[in-house]
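Shown next: my_file.txt, given as compact mmCIF, C-alpha atoms and all ligand atoms.
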# COMPACT_ATOMS: atom_id res chain seq x y z
CA MET A 1 30.91 13.07 35.59
CA ARG A 2 34.01 13.31 33.56
CA THR A 3 34.77 13.14 29.93
CA ARG A 4 34.67 9.65 28.57
CA THR A 5 38.23 9.43 27.39
CA HIS A 6 38.37 5.92 26.15
CA THR A 7 35.81 6.08 23.44
CA ARG A 8 37.45 6.37 20.13
CA ARG A 9 34.05 5.34 18.82
CA ALA A 10 32.60 8.68 19.80
CA MET A 11 35.37 10.14 17.70
CA SER A 12 33.93 9.04 14.41
CA THR A 13 30.96 11.30 15.03
CA ALA A 14 33.27 13.96 16.37
CA LEU A 15 35.46 13.87 13.30
CA MET A 16 32.44 13.99 11.07
CA LEU A 17 31.51 17.20 12.82
CA ALA A 18 35.01 18.61 12.93
CA GLY A 19 35.21 22.13 11.65
CA ALA A 20 31.53 22.76 12.01
CA LEU A 21 31.36 22.20 15.73
CA THR A 22 32.35 24.84 18.19
CA LEU A 23 30.97 23.32 21.34
CA THR A 24 33.13 24.25 24.27
CA ALA A 25 31.49 22.16 26.94
CA CYS A 26 33.91 19.28 26.54
CA GLY A 27 37.08 21.09 27.57
CA GLY A 28 38.16 18.12 29.63
CA PHE A 29 38.36 15.72 26.75
CA GLY A 30 41.43 13.61 27.08
CA GLU A 31 42.79 15.31 30.16
CA ASP A 32 42.20 12.51 32.64
CA GLU A 33 43.92 9.56 31.11
CA PRO A 34 45.10 8.28 27.77
CA ALA A 35 42.42 6.68 25.65
CA ALA A 36 42.22 3.11 26.88
CA ASP A 37 41.61 1.55 23.52
CA ASN A 38 44.08 3.68 21.62
CA GLY A 39 46.14 0.61 21.03
CA ALA A 40 43.62 -0.70 18.57
CA ASP A 41 44.32 1.97 16.01
CA GLY A 42 47.38 3.76 17.19
CA GLY A 43 45.63 6.60 18.97
CA SER A 44 46.43 9.21 16.38
CA GLU A 45 42.75 10.10 15.99
CA THR A 46 42.55 11.04 19.61
CA GLU A 47 45.55 13.30 19.35
CA THR A 48 44.36 15.14 16.29
CA ALA A 49 40.97 15.95 17.80
CA ASP A 50 41.31 19.18 19.75
CA ALA A 51 39.94 19.37 23.22
CA GLY A 52 36.66 21.20 23.13
CA SER A 53 35.74 20.40 19.57
CA ASP A 54 34.76 16.80 19.82
CA GLY A 55 32.48 14.17 21.24
CA PRO A 56 29.98 14.24 24.04
CA GLU A 57 30.93 14.40 27.68
CA LEU A 58 29.86 11.04 29.03
CA SER A 59 30.24 9.28 32.34
CA ASP A 60 32.76 6.50 32.54
CA PRO A 61 31.30 3.06 33.19
CA PRO A 62 31.24 2.01 36.83
CA ALA A 63 34.20 -0.04 38.09
CA ILE A 64 33.77 -3.76 37.58
CA ASP A 65 33.60 -5.84 40.73
CA GLY A 66 32.05 -9.07 42.03
CA ASP A 67 33.21 -12.67 42.09
CA VAL A 68 35.23 -14.08 39.25
CA VAL A 69 33.94 -17.40 37.89
CA SER A 70 37.02 -19.01 36.32
CA ASP A 71 35.71 -22.55 35.97
CA GLY A 72 33.60 -23.49 33.02
CA ASP A 73 33.43 -23.53 29.26
CA SER A 74 34.84 -20.82 27.03
CA TYR A 75 32.43 -19.43 24.47
CA GLU A 76 31.49 -16.50 22.29
CA ILE A 77 28.38 -14.33 22.53
CA LYS A 78 27.54 -12.68 19.23
CA PHE A 79 25.63 -9.51 20.11
CA GLY A 80 23.78 -7.73 17.29
CA ILE A 81 22.39 -4.20 17.54
CA GLY A 82 20.67 -1.80 15.15
CA LEU A 83 22.54 1.39 16.04
CA ALA A 84 25.99 2.69 15.16
CA GLU A 85 29.28 1.99 16.90
CA ASP A 86 29.35 5.38 18.61
CA SER A 87 25.80 5.12 20.02
CA PRO A 88 25.22 4.78 23.77
CA GLN A 89 23.74 1.38 22.90
CA ALA A 90 27.03 0.16 21.41
CA MET A 91 29.08 1.67 24.25
CA SER A 92 27.03 -0.27 26.77
CA VAL A 93 27.59 -3.52 24.88
CA ASP A 94 31.33 -2.78 25.10
CA TYR A 95 30.92 -2.40 28.86
CA PHE A 96 28.87 -5.61 29.02
CA GLY A 97 31.71 -7.39 27.24
CA GLU A 98 34.29 -5.94 29.62
CA ILE A 99 32.32 -7.07 32.66
CA LEU A 100 31.98 -10.60 31.32
CA ASP A 101 35.58 -10.78 30.19
CA GLN A 102 36.82 -9.83 33.64
CA ARG A 103 34.33 -11.79 35.69
CA SER A 104 34.63 -14.97 33.61
CA ASP A 105 38.41 -14.79 33.64
CA GLY A 106 38.40 -14.39 29.86
CA ARG A 107 36.12 -17.36 29.12
CA ILE A 108 33.18 -15.35 27.76
CA ASP A 109 33.93 -13.35 24.65
CA VAL A 110 31.30 -10.80 23.58
CA ASN A 111 31.45 -9.67 19.96
CA LEU A 112 29.42 -6.66 18.88
CA PHE A 113 27.77 -6.48 15.43
CA PRO A 114 26.42 -2.90 15.06
CA ASN A 115 24.42 -1.09 12.34
CA SER A 116 21.89 -3.88 11.70
CA GLN A 117 24.70 -5.75 9.92
CA VAL A 118 23.40 -9.09 11.17
CA GLY A 119 19.72 -8.11 10.73
CA ASP A 120 17.13 -5.65 11.92
CA ASP A 121 15.43 -5.87 15.31
CA LEU A 122 12.87 -8.46 14.22
CA GLN A 123 15.36 -10.57 12.28
CA MET A 124 17.78 -10.53 15.20
CA MET A 125 15.05 -11.66 17.61
CA ASN A 126 14.21 -14.47 15.21
CA ALA A 127 17.92 -15.36 15.08
CA LEU A 128 17.91 -15.64 18.89
CA GLN A 129 14.98 -18.04 18.62
CA SER A 130 16.71 -20.18 16.03
CA GLY A 131 20.06 -20.06 17.80
CA THR A 132 22.13 -18.34 15.11
CA LEU A 133 22.70 -15.23 17.25
CA GLU A 134 23.07 -15.15 21.03
CA MET A 135 22.04 -11.61 22.04
CA THR A 136 20.29 -8.50 20.77
CA TYR A 137 19.01 -5.13 22.01
CA PRO A 138 15.80 -4.11 20.21
CA SER A 139 13.23 -1.40 20.74
CA THR A 140 10.07 -2.64 22.40
CA SER A 141 7.93 -1.67 19.39
CA PRO A 142 9.01 -4.45 17.00
CA ALA A 143 9.17 -6.89 19.95
CA THR A 144 5.39 -6.59 20.38
CA SER A 145 4.99 -9.31 17.75
CA ILE A 146 6.52 -11.70 20.33
CA VAL A 147 5.21 -10.12 23.55
CA PRO A 148 2.03 -8.15 22.78
CA GLU A 149 1.95 -6.65 26.30
CA LEU A 150 4.86 -4.43 25.25
CA GLN A 151 2.42 -2.38 23.18
CA LEU A 152 1.89 -0.38 26.35
CA PHE A 153 5.12 1.49 25.58
CA ASP A 154 3.91 2.53 22.15
CA LEU A 155 1.35 4.88 23.65
CA PRO A 156 2.22 8.52 23.04
CA PHE A 157 3.16 10.80 25.94
CA LEU A 158 3.04 7.93 28.44
CA PHE A 159 6.07 8.92 30.52
CA PRO A 160 6.42 12.59 31.50
CA THR A 161 10.06 12.07 32.56
CA PRO A 162 12.74 9.38 32.04
CA GLU A 163 12.58 8.71 35.76
CA ASP A 164 8.91 7.78 35.37
CA ALA A 165 9.98 5.24 32.76
CA ASP A 166 12.67 3.93 35.14
CA ALA A 167 10.11 3.48 37.91
CA VAL A 168 7.78 1.43 35.71
CA LEU A 169 10.50 -0.60 33.98
CA ASP A 170 12.32 -1.35 37.24
CA GLY A 171 9.07 -2.10 39.06
CA GLU A 172 6.49 -4.86 38.82
CA ILE A 173 5.31 -4.01 35.33
CA GLY A 174 8.83 -4.19 33.91
CA GLN A 175 9.43 -7.55 35.61
CA GLU A 176 6.14 -8.95 34.31
CA MET A 177 7.01 -7.93 30.78
CA LEU A 178 10.48 -9.51 30.90
CA ALA A 179 8.91 -12.68 32.28
CA ALA A 180 6.39 -12.65 29.43
CA PHE A 181 9.23 -13.64 27.07
CA ASP A 182 9.54 -17.03 28.81
CA GLY A 183 8.76 -19.85 26.43
CA SER A 184 9.13 -17.66 23.33
CA GLY A 185 12.67 -18.83 22.59
CA ILE A 186 13.99 -15.57 24.00
CA THR A 187 14.86 -14.60 27.58
CA GLY A 188 14.43 -10.97 28.65
CA LEU A 189 17.37 -9.77 30.77
CA ALA A 190 17.21 -6.01 31.28
CA TRP A 191 15.71 -2.65 30.36
CA ALA A 192 17.73 0.10 28.79
CA GLU A 193 16.60 3.30 27.07
CA ASN A 194 16.04 4.19 23.47
CA GLY A 195 14.46 7.40 24.70
CA TYR A 196 12.18 10.22 23.64
CA ARG A 197 11.48 10.26 19.94
CA GLN A 198 11.79 13.46 17.91
CA LEU A 199 10.50 14.11 14.42
CA THR A 200 12.81 15.03 11.56
CA ASN A 201 11.88 15.70 7.93
CA SER A 202 13.10 17.14 4.68
CA GLN A 203 10.16 19.44 3.95
CA ARG A 204 9.47 22.05 6.62
CA ALA A 205 9.84 23.17 10.22
CA VAL A 206 7.20 21.45 12.33
CA SER A 207 5.75 23.02 15.47
CA THR A 208 2.06 22.11 15.30
CA PRO A 209 0.06 18.99 14.43
CA GLU A 210 -1.12 20.81 11.28
CA ASP A 211 2.48 21.03 10.08
CA VAL A 212 2.62 17.22 10.05
CA GLU A 213 -0.28 16.83 7.66
CA GLY A 214 0.59 14.89 4.54
CA LEU A 215 4.20 14.17 5.58
CA ARG A 216 5.37 10.71 4.62
CA VAL A 217 6.92 9.45 7.83
CA ARG A 218 8.80 6.23 8.42
CA VAL A 219 7.65 4.56 11.62
CA MET A 220 8.70 1.41 13.45
CA GLU A 221 7.11 -1.93 12.63
CA ASN A 222 4.22 -1.60 15.02
CA PRO A 223 0.51 -0.85 14.53
CA ILE A 224 0.24 1.76 17.29
CA GLN A 225 3.07 3.76 15.76
CA VAL A 226 1.11 3.71 12.51
CA SER A 227 -2.02 4.87 14.38
CA ILE A 228 -0.21 7.80 15.95
CA TRP A 229 0.88 9.23 12.62
CA GLU A 230 -2.39 8.49 10.88
CA THR A 231 -4.20 10.28 13.69
CA LEU A 232 -1.95 13.28 13.11
CA GLY A 233 -2.81 13.27 9.42
CA ALA A 234 0.59 12.08 8.19
CA ASN A 235 1.24 9.15 5.82
CA PRO A 236 3.16 6.62 7.90
CA THR A 237 5.15 3.72 6.43
CA SER A 238 6.49 0.92 8.65
CA MET A 239 10.05 -0.04 7.89
CA ALA A 240 13.01 -1.70 9.59
CA PHE A 241 15.55 0.70 11.02
CA GLY A 242 18.39 -0.41 8.76
CA GLU A 243 16.49 0.81 5.70
CA VAL A 244 15.69 4.26 7.01
CA PHE A 245 18.74 6.20 5.83
CA SER A 246 18.40 5.18 2.20
CA ALA A 247 14.61 5.65 2.26
CA LEU A 248 15.17 9.22 3.43
CA GLU A 249 17.98 9.75 0.97
CA GLN A 250 15.94 8.50 -1.96
CA GLY A 251 12.89 10.47 -0.92
CA VAL A 252 10.76 7.35 -0.40
CA VAL A 253 9.71 9.05 2.84
CA ASP A 254 9.99 12.69 3.96
CA GLY A 255 10.73 12.06 7.59
CA GLN A 256 11.34 9.71 10.49
CA GLU A 257 11.33 9.90 14.26
CA ASN A 258 14.02 8.81 16.70
CA PRO A 259 15.94 10.20 19.69
CA TRP A 260 18.48 12.96 18.97
CA SER A 261 21.40 10.63 19.67
CA THR A 262 20.22 8.19 17.01
CA ILE A 263 19.56 10.99 14.53
CA LEU A 264 23.18 12.09 15.01
CA THR A 265 24.95 8.73 15.15
CA SER A 266 22.95 7.45 12.17
CA ARG A 267 23.76 10.67 10.25
CA PHE A 268 20.13 11.37 9.39
CA ASN A 269 21.05 15.08 9.39
CA GLU A 270 22.72 14.47 6.02
CA VAL A 271 19.29 13.82 4.51
CA GLN A 272 16.97 15.74 6.86
CA ASP A 273 16.97 19.53 7.24
CA TYR A 274 14.38 19.93 9.99
CA GLY A 275 14.10 18.51 13.50
CA SER A 276 11.38 19.11 16.09
CA GLU A 277 11.55 18.31 19.77
CA THR A 278 8.20 16.53 19.91
CA ARG A 279 9.08 13.90 22.58
CA HIS A 280 5.93 12.11 21.43
CA VAL A 281 6.91 8.56 22.47
CA TYR A 282 9.42 7.19 24.97
CA THR A 283 10.76 3.87 23.64
CA PRO A 284 12.55 1.44 25.96
CA PHE A 285 15.31 -0.88 24.75
CA LEU A 286 15.36 -4.53 25.80
CA ILE A 287 18.49 -6.63 26.35
CA LEU A 288 17.61 -10.12 25.16
CA ILE A 289 19.35 -13.51 24.95
CA GLY A 290 18.40 -16.74 23.17
CA GLU A 291 16.46 -18.95 25.59
CA ASP A 292 18.02 -22.30 24.63
CA PHE A 293 21.48 -20.79 24.65
CA TYR A 294 20.92 -19.25 28.08
CA GLU A 295 19.29 -22.36 29.56
CA GLY A 296 22.27 -24.39 28.37
CA LEU A 297 24.73 -22.35 30.47
CA SER A 298 25.79 -23.08 34.04
CA GLU A 299 23.82 -21.32 36.76
CA GLU A 300 26.92 -19.33 37.63
CA ASP A 301 27.29 -18.05 34.09
CA GLN A 302 23.58 -17.26 33.85
CA ALA A 303 23.91 -15.13 36.97
CA LEU A 304 27.00 -13.38 35.59
CA ILE A 305 25.26 -12.57 32.32
CA GLN A 306 22.09 -11.39 34.04
CA GLU A 307 24.05 -9.09 36.35
CA ALA A 308 26.22 -7.76 33.56
CA ALA A 309 23.15 -7.03 31.42
CA ILE A 310 21.51 -5.06 34.24
CA GLN A 311 24.73 -3.12 34.86
CA ALA A 312 25.20 -2.38 31.17
CA ALA A 313 21.58 -1.26 30.89
CA GLY A 314 21.99 1.08 33.86
CA TYR A 315 25.11 2.56 32.33
CA GLN A 316 23.37 2.93 28.99
CA ARG A 317 20.49 4.87 30.56
CA THR A 318 22.99 7.28 32.12
CA ILE A 319 24.94 7.98 28.95
CA SER A 320 21.83 8.00 26.79
CA ARG A 321 20.54 10.96 28.80
CA GLU A 322 23.92 12.68 28.72
CA TYR A 323 24.20 12.13 24.98
CA SER A 324 20.78 13.53 24.16
CA ASP A 325 21.37 17.25 24.76
CA TYR A 326 24.81 17.05 23.18
CA ALA A 327 23.32 15.43 20.08
CA ARG A 328 20.64 18.09 19.69
CA GLU A 329 23.27 20.85 19.91
CA ALA A 330 25.62 19.03 17.57
CA LEU A 331 22.84 18.60 15.01
CA ALA A 332 22.09 22.31 15.18
CA GLU A 333 25.79 23.04 14.74
CA VAL A 334 25.93 21.03 11.55
CA GLY A 335 22.97 22.89 10.15
CA MET A 336 19.80 21.04 11.09
CA GLU A 337 17.05 23.54 11.86
CA ILE A 338 15.87 22.49 15.31
CA THR A 339 12.42 23.59 16.48
CA GLU A 340 11.81 23.43 20.22
CA LEU A 341 8.13 23.30 21.05
CA SER A 342 6.48 25.52 23.64
CA ASP A 343 4.33 23.90 26.33
CA GLU A 344 1.24 24.94 24.38
CA GLU A 345 2.56 23.40 21.19
CA LEU A 346 3.41 20.16 22.98
CA ALA A 347 -0.06 20.15 24.54
CA ALA A 348 -1.56 20.48 21.07
CA PHE A 349 0.28 17.33 19.95
CA GLN A 350 -0.74 15.53 23.11
CA GLU A 351 -4.37 16.41 22.56
CA ALA A 352 -4.25 15.51 18.88
CA VAL A 353 -3.11 11.95 19.65
CA GLN A 354 -5.67 11.25 22.38
CA PRO A 355 -7.79 9.13 20.00
CA VAL A 356 -4.88 6.65 19.91
CA TYR A 357 -5.56 5.87 23.59
CA GLU A 358 -9.22 5.22 22.90
CA GLN A 359 -8.41 3.12 19.87
CA TRP A 360 -5.93 0.85 21.70
CA GLU A 361 -7.26 0.86 25.25
CA ASP A 362 -9.05 -2.50 24.99
CA GLU A 363 -6.17 -4.29 23.37
CA ILE A 364 -3.52 -2.93 25.76
CA GLY A 365 -5.79 -3.07 28.80
CA ALA A 366 -7.33 -0.06 30.50
CA GLU A 367 -6.20 -1.44 33.85
CA LEU A 368 -2.56 -1.64 32.79
CA ILE A 369 -2.64 1.90 31.40
CA GLN A 370 -4.19 3.08 34.65
CA ARG A 371 -1.48 1.36 36.72
CA VAL A 372 1.17 3.26 34.76
CA GLN A 373 -0.64 6.54 35.03
CA ASP A 374 -1.03 6.06 38.79
CA GLU A 375 2.73 5.50 39.07
CA THR A 376 3.74 8.42 36.92
CA GLN A 377 1.36 11.29 37.40
CA ASN A 378 0.87 11.91 41.06
C1 LIG A 401 17.49 0.10 16.19
C2 LIG A 401 16.04 0.47 16.40
C3 LIG A 401 15.87 1.96 16.57
C4 LIG A 401 14.40 2.36 16.67
C5 LIG A 401 13.81 2.48 15.27
O1 LIG A 401 17.63 -1.27 15.96
O2 LIG A 401 13.58 1.45 14.63
O3 LIG A 401 13.56 3.60 14.82
O4 LIG A 401 14.23 3.58 17.33
O5 LIG A 401 16.55 2.38 17.73
O6 LIG A 401 15.53 -0.23 17.53

Could the structure of this file be written out as structure tokens, please?
Amino acid sequence: MRTRTHTRRAMSTALMLAGALTLTACGGFGEDEPAADNGADGGSETETADAGSDGPELSDPPAIDGDVVSDGDSYEIKFGIGLAEDSPQAMSVDYFGEILDQRSDGRIDVNLFPNSQVGDDLQMMNALQSGTLEMTYPSTSPATSIVPELQLFDLPFLFPTPEDADAVLDGEIGQEMLAAFDGSGITGLAWAENGYRQLTNSQRAVSTPEDVEGLRVRVMENPIQVSIWETLGANPTSMAFGEVFSALEQGVVDGQENPWSTILTSRFNEVQDYGSETRHVYTPFLILIGEDFYEGLSEEDQALIQEAAIQAAGYQRTISREYSDYAREALAEVGMEITELSDEELAAFQEAVQPVYEQWEDEIGAELIQRVQDETQN
């Protein structure tokens, strides 16, 4: 692994943290090569950021290879995402665009629209169905309104490790779920990682289920997420991601839950004093494309896009995991009080949410849950 030198996007977070951050783990920043996309804004940002005081140390994307398909139409793919420009999600869309640019000989032009600026996850999926947007990258939880089987991933403490999630998503179950999009107006291309969700709030340090009681927590638009927080005695409110920052800022809710990288890149630390490493749900990300749009492309282009999506998703999983620890440390550096839970404390949360399994077992399918547990816990 070496420092990702060509991400000026990571710099916006880095600059936000400048002065407060004293992380020394990134000593190699900028030593390998000049920032590849410096040209876009002159590169002065990169030069002013001192080595060792800036962004996360992330793997570079794998080299792009494979056949080039020069013949065919030229077109644009508008790609909307919910997260910020310096998130691993956005970086992987950049990589996706680079792969397609090179392998289509410049015919396919991917344009990224970050920060829910063209809609939230549900709206963007609807836009794929109606053909006003070509691609998006939602969490599975809001996608359950289109493919109910995806509710499986809303169960708390389902995957002990990220590698367990990889095994299920890259195996039969993952393939079945992507195929379940067929006919919905959306084609499922690949699995990436949103990751383990952590609770933040403005009220108090949380280390036990009792601490959660009465907290008003924003959750994703999904009934199982609501169940989880009701079971814990909190007051959950479903809300689209794009509304979360202002809801926290205005005190409409006390807290929210997302992976550390999202908490950092969405600047939730500005409105949340406490974070707890609860790891209560592992949420996958889906890379999706409009079905009519995709079916209208040549077979060669479909194959290019499918391959590029899988490669981008693989790269995203790598940097998502690298980003996570950095983000937790960076949040602590800028003053968020981070509570790491002991094994006993985590077990208490796990036990407290067991009723969610009983409540949803019939709807999700006991057999499906068992298949996952067989794959992950032996
Ligand atoms: C971004 C969302 C986000 C999710 C949420 O579009 O809504 O909290 O975790 O990552 O998909």

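Comparing the minimum interatomic distances between Val212 in chain A and each of A:Leu286, A:Arg317, A:Phe113, A:Phe349, counting all atoms listed in the file, we find that A:Phe349 sits nearest.
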
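Restricting the atom set to all atoms listed in the file, one finds that the residues within 6 Å of ligand LIG 401 (chain A) amount to Ile81, Gly82, Leu83, Asp120, Asp121, Pro138, Ser139, Met220, Ala240, Phe241 and Asn258 of chain A.
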
Tell me which residues come within 10 Å of (-0.3, 19.5, 21.3), as a short mmCIF file (atom, residue, chain, number, x, y, z; two decimals) with C-alpha atoms, in the frame of the given file, counting only C-alpha atoms in the file's coordinates.
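So the final result, stored in selection_25.cif, reads:
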data_model
loop_
_atom_site.label_atom_id
_atom_site.label_comp_id
_atom_site.auth_asym_id
_atom_site.auth_seq_id
_atom_site.Cartn_x
_atom_site.Cartn_y
_atom_site.Cartn_z
CA SER A 207 5.75 23.02 15.47
CA THR A 208 2.06 22.11 15.30
CA PRO A 209 0.06 18.99 14.43
CA THR A 278 8.20 16.53 19.91
CA HIS A 280 5.93 12.11 21.43
CA LEU A 341 8.13 23.30 21.05
CA SER A 342 6.48 25.52 23.64
CA ASP A 343 4.33 23.90 26.33
CA GLU A 344 1.24 24.94 24.38
CA GLU A 345 2.56 23.40 21.19
CA LEU A 346 3.41 20.16 22.98
CA ALA A 347 -0.06 20.15 24.54
CA ALA A 348 -1.56 20.48 21.07
CA PHE A 349 0.28 17.33 19.95
CA GLN A 350 -0.74 15.53 23.11
CA GLU A 351 -4.37 16.41 22.56
CA ALA A 352 -4.25 15.51 18.88
CA VAL A 353 -3.11 11.95 19.65
CA GLN A 354 -5.67 11.25 22.38
#

For Ala234 in chain A, the closest of A:Thr144, A:Gln89, A:Asn201, A:Thr265 counting all atoms listed in the file is A:Asn201

Show which residues sit within 12 Å of Gly174 in chain A, as a compact mmCIF listing (two decimals) with C-alpha atoms, in the coordinates of the input. Count all atoms listed in the file, and ignore same-chain residues fewer than 3 positions away.
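Saved as result22.txt:
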# COMPACT_ATOMS: atom_id res chain seq x y z
CA THR A 140 10.07 -2.64 22.40
CA GLU A 149 1.95 -6.65 26.30
CA LEU A 150 4.86 -4.43 25.25
CA LEU A 152 1.89 -0.38 26.35
CA PHE A 153 5.12 1.49 25.58
CA ALA A 165 9.98 5.24 32.76
CA ASP A 166 12.67 3.93 35.14
CA ALA A 167 10.11 3.48 37.91
CA VAL A 168 7.78 1.43 35.71
CA LEU A 169 10.50 -0.60 33.98
CA ASP A 170 12.32 -1.35 37.24
CA GLY A 171 9.07 -2.10 39.06
CA MET A 177 7.01 -7.93 30.78
CA LEU A 178 10.48 -9.51 30.90
CA ALA A 179 8.91 -12.68 32.28
CA ALA A 180 6.39 -12.65 29.43
CA PHE A 181 9.23 -13.64 27.07
CA GLY A 188 14.43 -10.97 28.65
CA LEU A 189 17.37 -9.77 30.77
CA ALA A 190 17.21 -6.01 31.28
CA TRP A 191 15.71 -2.65 30.36
CA ALA A 192 17.73 0.10 28.79
CA PRO A 284 12.55 1.44 25.96
CA PHE A 285 15.31 -0.88 24.75
CA LEU A 286 15.36 -4.53 25.80
CA LEU A 368 -2.56 -1.64 32.79
CA VAL A 372 1.17 3.26 34.76

A straight line from CA of Trp360 in chain A to CA of Gln256 in chain A spans 22.4 Å

Could you check which residues have any atom within 12 Å of (7.8, 7.2, 21.5), counting all atoms listed in the file with coordinates taken straight from the file, and then list them as a PDB file with C-alpha atoms, in the coordinates of the input?
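Full text of out.pdb as output:
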ATOM      1  CA  SER A 139      13.230  -1.400  20.740  1.00  0.00           C
ATOM      2  CA  THR A 140      10.070  -2.640  22.400  1.00  0.00           C
ATOM      3  CA  SER A 141       7.930  -1.670  19.390  1.00  0.00           C
ATOM      4  CA  GLN A 151       2.420  -2.380  23.180  1.00  0.00           C
ATOM      5  CA  LEU A 152       1.890  -0.380  26.350  1.00  0.00           C
ATOM      6  CA  PHE A 153       5.120   1.490  25.580  1.00  0.00           C
ATOM      7  CA  ASP A 154       3.910   2.530  22.150  1.00  0.00           C
ATOM      8  CA  LEU A 155       1.350   4.880  23.650  1.00  0.00           C
ATOM      9  CA  PRO A 156       2.220   8.520  23.040  1.00  0.00           C
ATOM     10  CA  PHE A 157       3.160  10.800  25.940  1.00  0.00           C
ATOM     11  CA  LEU A 158       3.040   7.930  28.440  1.00  0.00           C
ATOM     12  CA  PHE A 159       6.070   8.920  30.520  1.00  0.00           C
ATOM     13  CA  PRO A 160       6.420  12.590  31.500  1.00  0.00           C
ATOM     14  CA  PRO A 162      12.740   9.380  32.040  1.00  0.00           C
ATOM     15  CA  ALA A 165       9.980   5.240  32.760  1.00  0.00           C
ATOM     16  CA  GLU A 193      16.600   3.300  27.070  1.00  0.00           C
ATOM     17  CA  ASN A 194      16.040   4.190  23.470  1.00  0.00           C
ATOM     18  CA  GLY A 195      14.460   7.400  24.700  1.00  0.00           C
ATOM     19  CA  TYR A 196      12.180  10.220  23.640  1.00  0.00           C
ATOM     20  CA  ARG A 197      11.480  10.260  19.940  1.00  0.00           C
ATOM     21  CA  GLN A 198      11.790  13.460  17.910  1.00  0.00           C
ATOM     22  CA  LEU A 199      10.500  14.110  14.420  1.00  0.00           C
ATOM     23  CA  VAL A 219       7.650   4.560  11.620  1.00  0.00           C
ATOM     24  CA  MET A 220       8.700   1.410  13.450  1.00  0.00           C
ATOM     25  CA  ASN A 222       4.220  -1.600  15.020  1.00  0.00           C
ATOM     26  CA  ILE A 224       0.240   1.760  17.290  1.00  0.00           C
ATOM     27  CA  GLN A 225       3.070   3.760  15.760  1.00  0.00           C
ATOM     28  CA  VAL A 226       1.110   3.710  12.510  1.00  0.00           C
ATOM     29  CA  ILE A 228      -0.210   7.800  15.950  1.00  0.00           C
ATOM     30  CA  TRP A 229       0.880   9.230  12.620  1.00  0.00           C
ATOM     31  CA  GLN A 256      11.340   9.710  10.490  1.00  0.00           C
ATOM     32  CA  GLU A 257      11.330   9.900  14.260  1.00  0.00           C
ATOM     33  CA  ASN A 258      14.020   8.810  16.700  1.00  0.00           C
ATOM     34  CA  PRO A 259      15.940  10.200  19.690  1.00  0.00           C
ATOM     35  CA  GLU A 277      11.550  18.310  19.770  1.00  0.00           C
ATOM     36  CA  THR A 278       8.200  16.530  19.910  1.00  0.00           C
ATOM     37  CA  ARG A 279       9.080  13.900  22.580  1.00  0.00           C
ATOM     38  CA  HIS A 280       5.930  12.110  21.430  1.00  0.00           C
ATOM     39  CA  VAL A 281       6.910   8.560  22.470  1.00  0.00           C
ATOM     40  CA  TYR A 282       9.420   7.190  24.970  1.00  0.00           C
ATOM     41  CA  THR A 283      10.760   3.870  23.640  1.00  0.00           C
ATOM     42  CA  PRO A 284      12.550   1.440  25.960  1.00  0.00           C
ATOM     43  CA  PHE A 285      15.310  -0.880  24.750  1.00  0.00           C
TER      44      PHE A 285
END

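Computed from the coordinates, the CA of Glu300 in chain A to CA of Thr187 in chain A distance equals 16.4 Å.
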
Students should find that CA of Asp254 in chain A and CA of Glu329 in chain A are spaced 22.3 Å

Hey, could you make a per-residue contact list for range 237-339 of chain A against range 55-78 of chain A with 10 Å as the cut-off, showing the nearest pair of atoms and its distance in Å to one decimal, counting all atoms listed in the file, sorted by chain and number, as CSV?
residue,atom,partner,partner_atom,distance
A:Ile289,CA,A:Ile77,CA,9.4
A:Phe293,CA,A:Ile77,CA,9.7
A:Leu297,CA,A:Asp73,CA,8.9
A:Ser298,CA,A:Gly72,CA,7.9
A:Glu300,CA,A:Val69,CA,7.3
A:Asp301,CA,A:Val69,CA,7.7
A:Leu304,CA,A:Val69,CA,8.3
A:Glu307,CA,A:Gly66,CA,9.8
A:Ala308,CA,A:Ile64,CA,9.4
A:Gln311,CA,A:Pro62,CA,8.5
A:Ala312,CA,A:Pro61,CA,8.4
A:Gly314,CA,A:Pro61,CA,9.5
A:Tyr315,CA,A:Pro61,CA,6.3
A:Gln316,CA,A:Pro61,CA,9.0
A:Thr318,CA,A:Ser59,CA,7.5
A:Ile319,CA,A:Leu58,CA,5.8
A:Ser320,CA,A:Leu58,CA,8.9
A:Arg321,CA,A:Leu58,CA,9.3
A:Glu322,CA,A:Leu58,CA,6.2
A:Tyr323,CA,A:Pro56,CA,6.2
A:Ser324,CA,A:Pro56,CA,9.2
A:Asp325,CA,A:Pro56,CA,9.1
A:Tyr326,CA,A:Pro56,CA,5.9
A:Ala327,CA,A:Pro56,CA,7.8
A:Ala330,CA,A:Pro56,CA,9.2

Could you write those residues out with C-alpha atoms, as a compact mmCIF listing (two decimals), in the coordinates of the input?
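Result file follows (selection_6.txt):
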# COMPACT_ATOMS: atom_id res chain seq x y z
CA ILE A 289 19.35 -13.51 24.95
CA PHE A 293 21.48 -20.79 24.65
CA LEU A 297 24.73 -22.35 30.47
CA SER A 298 25.79 -23.08 34.04
CA GLU A 300 26.92 -19.33 37.63
CA ASP A 301 27.29 -18.05 34.09
CA LEU A 304 27.00 -13.38 35.59
CA GLU A 307 24.05 -9.09 36.35
CA ALA A 308 26.22 -7.76 33.56
CA GLN A 311 24.73 -3.12 34.86
CA ALA A 312 25.20 -2.38 31.17
CA GLY A 314 21.99 1.08 33.86
CA TYR A 315 25.11 2.56 32.33
CA GLN A 316 23.37 2.93 28.99
CA THR A 318 22.99 7.28 32.12
CA ILE A 319 24.94 7.98 28.95
CA SER A 320 21.83 8.00 26.79
CA ARG A 321 20.54 10.96 28.80
CA GLU A 322 23.92 12.68 28.72
CA TYR A 323 24.20 12.13 24.98
CA SER A 324 20.78 13.53 24.16
CA ASP A 325 21.37 17.25 24.76
CA TYR A 326 24.81 17.05 23.18
CA ALA A 327 23.32 15.43 20.08
CA ALA A 330 25.62 19.03 17.57
